[in-house]
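Colleague: Below is the structure I would like to discuss, written out as structure tokens.
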Amino acid sequence: MKIMVLCVDRDDDFGVKTGLNSPFIGREENLNAALALGLKDPEDSDTNTLLAAISIYDEMVKSGIDAEIATICGDVKVGYQSDLVLATQLENVLEMIKPDRVVLVSDGAEDEYIYPMVSSRVKIDSVRRVFVKQAPTVEGTYYILIKMLQDDKIRRRLITPIGLVLAVFGLVSLLPKIIQLVSEWDIALVSGMAAGTIAVVLGFYLILYAYRTGERLKEFSKKAARAIRSGSQMIPFAILSIALIFLGFVYGFDAANANSEAGILVQTLLFVSGTIWVWIFAILSYETGRFVNHFLSEGKIYWTYLVVSITVFAIGFIIQGAIDATQFFLGYRTYDEFIILFEVICGFLLAVFGGLLNTVMRNTAGKKVEEKKEIAESVE
């Protein structure tokens, strides 16, 4: 009876941090992978998990058990894509090793999502979860929390829901007081808005912190400064895009205020209808700038511009058709049903055409890369 010790890394820390290609089969390959990840990130729990799997394998070999060890890795995009990669690697490993039993080793519940996948292909004798020991002091706990919050995945999962709850709670508590303040203009109501205001500010701060908005804005400002100093052709197009976005807000508010007697739903529809096409041309202006800048700087045509343009127009037609249909069914405005149908069909046809064009372009680019590799291999 042959037993395989299987280590699982669902989010592919080994590939992302070390550049190694999984699966790793055999003690030597797994030990080299654990050493490489340990040198790159000594605090990654996957290092300890793999070392634990090697330890289990060594114990089995000393006991005279016919054993083998393997590690499979998924993908950074945890979910369907990572599980698809894991399933492919698992089938390859099972075909090569041909085990009768499996001992599954993981560092937590996330990796154990693969349990049904493994159990459907081979019998699982045991599941070993590896916990990393930490210092039991206050300083150690503080350090662990700080390191956890530096991980993008953990920070988004923990902080984003808290920020959303605070922001929604604050907005809901502030809305009636704002309406009352506007209608009565009683300055005494401001003091009762303190708690809601704090909740809104703190909620949005946590959301911005979870997605590193400050760092991204800093990086964006650096790129913008470099573009201005280098005389990038993107600058006028970007300025035009910003102006169009602002103009879209103006048109939207003007369309909504022109029908102030209508309900909130109709005013929202009018606002979106007044802004949608102005914002679409803002996006097209920005993409045109990228197209021109890419062509003048590298002498190549930025083909993605066509796909983005077609997709943006498709979204515009679909949204406009939905708005017109909603207003028609509400009886607010009378539209020709043919026009609404034409807008929706046109939007879907453009979306399909954009998707097909994107697929053709990717396949063409992939063939060119393969041809270059074949030429390079033949030259070597």
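In the structure tokens, chains take the letters A, B, ... in the order shown, each chain's residues start at 1, and ligands count up from 1 in the order shown.
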Using DSSP assignments from the backbone, pull out every residue in stretch 50-297 of chain A that falls under strand (DSSP E or B) and give it to me as a PyMOL selection string.

Modeller: chain A and resi 66-73+101-106+123-129

Colleague: Can you tell me which residues surround stretch 34-50 of chain A at a distance of at most 9 Å, considering only C-alpha atoms, apart from same-chain residues fewer than 4 positions away, and format the answer as an MDAnalysis selection string?

Modeller: chainID A and resid 7:9 13:14 17:18 20 29:30 54:55 71 105:107 129:132

Colleague: Please produce an output containing N, CA and C atoms for each residue in the selection, written as a PDB file, in the first residue's frame.

Modeller:
ATOM      1  N   CYS A   7       0.677  18.132   0.390  1.00  0.00           N
ATOM      2  CA  CYS A   7       0.650  19.490   0.949  1.00  0.00           C
ATOM      3  C   CYS A   7      -0.047  20.417  -0.044  1.00  0.00           C
ATOM      4  N   VAL A   8      -0.888  21.309   0.462  1.00  0.00           N
ATOM      5  CA  VAL A   8      -1.724  22.159  -0.392  1.00  0.00           C
ATOM      6  C   VAL A   8      -1.430  23.630  -0.132  1.00  0.00           C
ATOM      7  N   ASP A   9      -1.217  24.378  -1.212  1.00  0.00           N
ATOM      8  CA  ASP A   9      -1.059  25.840  -1.147  1.00  0.00           C
ATOM      9  C   ASP A   9      -2.047  26.435  -2.135  1.00  0.00           C
ATOM     10  N   ASP A  13       1.452  30.739  -2.904  1.00  0.00           N
ATOM     11  CA  ASP A  13       2.521  31.562  -2.354  1.00  0.00           C
ATOM     12  C   ASP A  13       3.888  31.108  -2.853  1.00  0.00           C
ATOM     13  N   PHE A  14       4.041  29.816  -3.102  1.00  0.00           N
ATOM     14  CA  PHE A  14       5.319  29.313  -3.603  1.00  0.00           C
ATOM     15  C   PHE A  14       5.630  29.893  -4.982  1.00  0.00           C
ATOM     16  N   LYS A  17       5.954  34.057  -4.676  1.00  0.00           N
ATOM     17  CA  LYS A  17       7.084  34.590  -3.927  1.00  0.00           C
ATOM     18  C   LYS A  17       8.439  34.014  -4.338  1.00  0.00           C
ATOM     19  N   THR A  18       8.450  32.806  -4.860  1.00  0.00           N
ATOM     20  CA  THR A  18       9.728  32.185  -5.220  1.00  0.00           C
ATOM     21  C   THR A  18       9.897  31.986  -6.719  1.00  0.00           C
ATOM     22  N   LEU A  20       8.821  29.428  -8.350  1.00  0.00           N
ATOM     23  CA  LEU A  20       8.914  27.999  -8.638  1.00  0.00           C
ATOM     24  C   LEU A  20       7.606  27.490  -9.243  1.00  0.00           C
ATOM     25  N   GLU A  29      12.708  17.999  -3.882  1.00  0.00           N
ATOM     26  CA  GLU A  29      12.009  19.148  -4.476  1.00  0.00           C
ATOM     27  C   GLU A  29      11.225  19.919  -3.424  1.00  0.00           C
ATOM     28  N   ASN A  30      10.551  19.213  -2.530  1.00  0.00           N
ATOM     29  CA  ASN A  30       9.761  19.881  -1.500  1.00  0.00           C
ATOM     30  C   ASN A  30      10.646  20.612  -0.500  1.00  0.00           C
ATOM     31  N   ILE A  54       7.021  17.271   5.259  1.00  0.00           N
ATOM     32  CA  ILE A  54       8.282  16.534   5.106  1.00  0.00           C
ATOM     33  C   ILE A  54       8.570  15.713   6.358  1.00  0.00           C
ATOM     34  N   SER A  55       8.280  16.281   7.525  1.00  0.00           N
ATOM     35  CA  SER A  55       8.486  15.554   8.781  1.00  0.00           C
ATOM     36  C   SER A  55       7.602  14.312   8.850  1.00  0.00           C
ATOM     37  N   THR A  71       3.549  18.391  -3.317  1.00  0.00           N
ATOM     38  CA  THR A  71       2.907  19.677  -3.008  1.00  0.00           C
ATOM     39  C   THR A  71       2.256  20.206  -4.266  1.00  0.00           C
ATOM     40  N   VAL A 105      -2.129  17.654   4.257  1.00  0.00           N
ATOM     41  CA  VAL A 105      -1.518  18.607   5.183  1.00  0.00           C
ATOM     42  C   VAL A 105      -1.813  20.013   4.693  1.00  0.00           C
ATOM     43  N   SER A 106      -2.336  20.872   5.595  1.00  0.00           N
ATOM     44  CA  SER A 106      -2.661  22.250   5.216  1.00  0.00           C
ATOM     45  C   SER A 106      -2.414  23.162   6.408  1.00  0.00           C
ATOM     46  N   ASP A 107      -2.463  24.488   6.117  1.00  0.00           N
ATOM     47  CA  ASP A 107      -2.249  25.462   7.186  1.00  0.00           C
ATOM     48  C   ASP A 107      -3.537  26.137   7.618  1.00  0.00           C
ATOM     49  N   ARG A 129      -3.628  19.714  10.213  1.00  0.00           N
ATOM     50  CA  ARG A 129      -3.587  21.173  10.160  1.00  0.00           C
ATOM     51  C   ARG A 129      -2.388  21.649  10.962  1.00  0.00           C
ATOM     52  N   VAL A 130      -1.621  22.556  10.380  1.00  0.00           N
ATOM     53  CA  VAL A 130      -0.389  23.049  10.996  1.00  0.00           C
ATOM     54  C   VAL A 130      -0.633  24.434  11.546  1.00  0.00           C
ATOM     55  N   PHE A 131      -0.431  24.631  12.835  1.00  0.00           N
ATOM     56  CA  PHE A 131      -0.560  25.927  13.479  1.00  0.00           C
ATOM     57  C   PHE A 131       0.831  26.430  13.848  1.00  0.00           C
ATOM     58  N   VAL A 132       1.109  27.683  13.532  1.00  0.00           N
ATOM     59  CA  VAL A 132       2.405  28.276  13.835  1.00  0.00           C
ATOM     60  C   VAL A 132       2.362  28.840  15.244  1.00  0.00           C
TER      61      VAL A 132
END

Colleague: Could you please write out, as a VMD selection string, every residue of stretch 119-300 of chain A that DSSP assigns to helix (DSSP H, G or I)?

Modeller: chain A and resid 119 138 to 149 152 to 184 187 to 210 213 to 230 234 to 257 264 to 298

Colleague: Which residue gives the smallest distance to A:Thr288 among A:Gly15, A:Met234, A:Ile207, A:Ala87, with only C-alpha atoms counted?

Modeller: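 Closest to A:Thr288 of all the choices is A:Met234.
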
Colleague: Write out as a tab-separated table a residue-level contact list of stretch 252-328 of chain A versus stretch 343-346 of chain A with cut-off 12 Å: for each qualifying residue the closest pair of atoms and the distance in Å to one decimal, counting only C-alpha atoms, rows sorted by chain and residue number upward.

Modeller:
residue	atom	partner	partner_atom	distance
A:Ile310	CA	A:Cys346	CA	11.0
A:Thr311	CA	A:Cys346	CA	11.4
A:Phe313	CA	A:Cys346	CA	9.3
A:Ala314	CA	A:Cys346	CA	7.1
A:Ile315	CA	A:Val344	CA	9.5
A:Gly316	CA	A:Glu343	CA	9.0
A:Phe317	CA	A:Glu343	CA	5.2
A:Ile318	CA	A:Val344	CA	4.9
A:Ile319	CA	A:Val344	CA	8.1
A:Gln320	CA	A:Glu343	CA	7.1
A:Gly321	CA	A:Glu343	CA	5.2
A:Ala322	CA	A:Val344	CA	7.5
A:Ile323	CA	A:Glu343	CA	10.5
A:Asp324	CA	A:Glu343	CA	9.3
A:Ala325	CA	A:Val344	CA	9.7

Colleague: Residues of the last selection are to be written out with N, CA and C atoms, as a short mmCIF file (atom, residue, chain, number, x, y, z; two decimals), in the first residue's frame.

Modeller:
data_model
loop_
_atom_site.label_atom_id
_atom_site.label_comp_id
_atom_site.auth_asym_id
_atom_site.auth_seq_id
_atom_site.Cartn_x
_atom_site.Cartn_y
_atom_site.Cartn_z
N ILE A 310 -15.60 49.57 -27.83
CA ILE A 310 -16.81 48.82 -28.18
C ILE A 310 -17.57 48.41 -26.92
N THR A 311 -16.84 47.94 -25.91
CA THR A 311 -17.49 47.51 -24.67
C THR A 311 -18.17 48.68 -23.96
N PHE A 313 -19.38 51.43 -25.32
CA PHE A 313 -20.60 51.77 -26.06
C PHE A 313 -21.69 50.73 -25.80
N ALA A 314 -21.31 49.46 -25.71
CA ALA A 314 -22.30 48.41 -25.42
C ALA A 314 -22.96 48.65 -24.07
N ILE A 315 -22.15 48.97 -23.06
CA ILE A 315 -22.69 49.26 -21.73
C ILE A 315 -23.61 50.47 -21.78
N GLY A 316 -23.21 51.49 -22.53
CA GLY A 316 -24.03 52.70 -22.64
C GLY A 316 -25.40 52.41 -23.25
N PHE A 317 -25.43 51.63 -24.34
CA PHE A 317 -26.70 51.30 -24.99
C PHE A 317 -27.59 50.46 -24.07
N ILE A 318 -26.99 49.50 -23.36
CA ILE A 318 -27.79 48.64 -22.48
C ILE A 318 -28.38 49.45 -21.33
N ILE A 319 -27.56 50.31 -20.71
CA ILE A 319 -28.06 51.13 -19.60
C ILE A 319 -29.13 52.09 -20.09
N GLN A 320 -28.91 52.72 -21.24
CA GLN A 320 -29.89 53.65 -21.78
C GLN A 320 -31.20 52.94 -22.09
N GLY A 321 -31.09 51.73 -22.66
CA GLY A 321 -32.30 50.96 -22.95
C GLY A 321 -33.05 50.60 -21.68
N ALA A 322 -32.31 50.22 -20.63
CA ALA A 322 -32.95 49.88 -19.35
C ALA A 322 -33.64 51.10 -18.74
N ILE A 323 -33.00 52.26 -18.82
CA ILE A 323 -33.60 53.50 -18.28
C ILE A 323 -34.87 53.85 -19.04
N ASP A 324 -34.80 53.81 -20.38
CA ASP A 324 -35.97 54.15 -21.19
C ASP A 324 -37.11 53.16 -20.94
N ALA A 325 -36.77 51.87 -20.80
CA ALA A 325 -37.82 50.87 -20.56
C ALA A 325 -38.47 51.09 -19.20
#

Colleague: Please, what distance in Å, to one decimal, runs between atom CA of A:Asp75 and atom CA of A:Ser22?

Modeller: 10.7 Å

Colleague: Please report the interatomic distance between atom CA of A:Glu95 and atom CA of A:Cys73 in Å with one decimal.

Modeller: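 About the pair atom CA of A:Glu95 and atom CA of A:Cys73: they are 16.7 Å apart.
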
Colleague: For stretch 290-300 of chain A, find every residue with an atom within 8 Å (counting only C-alpha atoms), except residues of its own chain fewer than 5 positions away, and show them as a PyMOL selection string.

Modeller: chain A and resi 232-234+305

Colleague: Limited to N, CA and C atoms, could you put the picked residues into a file as a PDB file, in the first residue's frame?

Modeller:
ATOM      1  N   SER A 232       4.039  63.906 -21.706  1.00  0.00           N
ATOM      2  CA  SER A 232       3.216  62.808 -22.207  1.00  0.00           C
ATOM      3  C   SER A 232       1.987  63.349 -22.940  1.00  0.00           C
ATOM      4  N   GLN A 233       1.624  62.620 -24.014  1.00  0.00           N
ATOM      5  CA  GLN A 233       0.434  63.009 -24.790  1.00  0.00           C
ATOM      6  C   GLN A 233      -0.856  62.676 -24.050  1.00  0.00           C
ATOM      7  N   MET A 234      -0.750  61.977 -22.919  1.00  0.00           N
ATOM      8  CA  MET A 234      -1.932  61.622 -22.145  1.00  0.00           C
ATOM      9  C   MET A 234      -2.545  62.814 -21.424  1.00  0.00           C
ATOM     10  N   TYR A 305      -7.614  49.343 -27.193  1.00  0.00           N
ATOM     11  CA  TYR A 305      -8.458  50.532 -27.291  1.00  0.00           C
ATOM     12  C   TYR A 305      -9.767  50.221 -28.009  1.00  0.00           C
TER      13      TYR A 305
END

Colleague: Mind checking which residues fall within 10 Å of A:Tyr113, counting only C-alpha atoms, ignoring those fewer than 5 positions away in the same chain, and posting them as a ChimeraX atom specification?

Modeller: /A:8,10,79,83,108,118

Colleague: Would you put the residues from that selection into a file with C-alpha atoms, as a PDB file, in the first residue's frame?

Modeller:
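And here is the file that came out, part-v7.pdb:
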ATOM      1  CA  VAL A   8      -1.724  22.159  -0.392  1.00  0.00           C
ATOM      2  CA  ARG A  10      -4.329  27.147  -2.537  1.00  0.00           C
ATOM      3  CA  GLY A  79     -11.731  30.493  -5.984  1.00  0.00           C
ATOM      4  CA  ASP A  83      -9.290  25.187  -7.642  1.00  0.00           C
ATOM      5  CA  GLY A 108      -5.949  26.256   7.629  1.00  0.00           C
ATOM      6  CA  VAL A 118      -8.995  14.861  -3.222  1.00  0.00           C
TER       7      VAL A 118
END

Colleague: Which residue is closest to A:Val61? Choose from A:Ala199, A:Val5, A:Leu284, A:Val250 and count only C-alpha atoms.

Modeller: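 That would be A:Val5, the residue with the smallest distance to A:Val61.
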
Colleague: Quick one: distance from atom CA of A:Val122 to atom CA of A:Lys98 in Å, one decimal?

Modeller: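 If I compute the distance from atom CA of A:Val122 to atom CA of A:Lys98, I get 9.4 Å.
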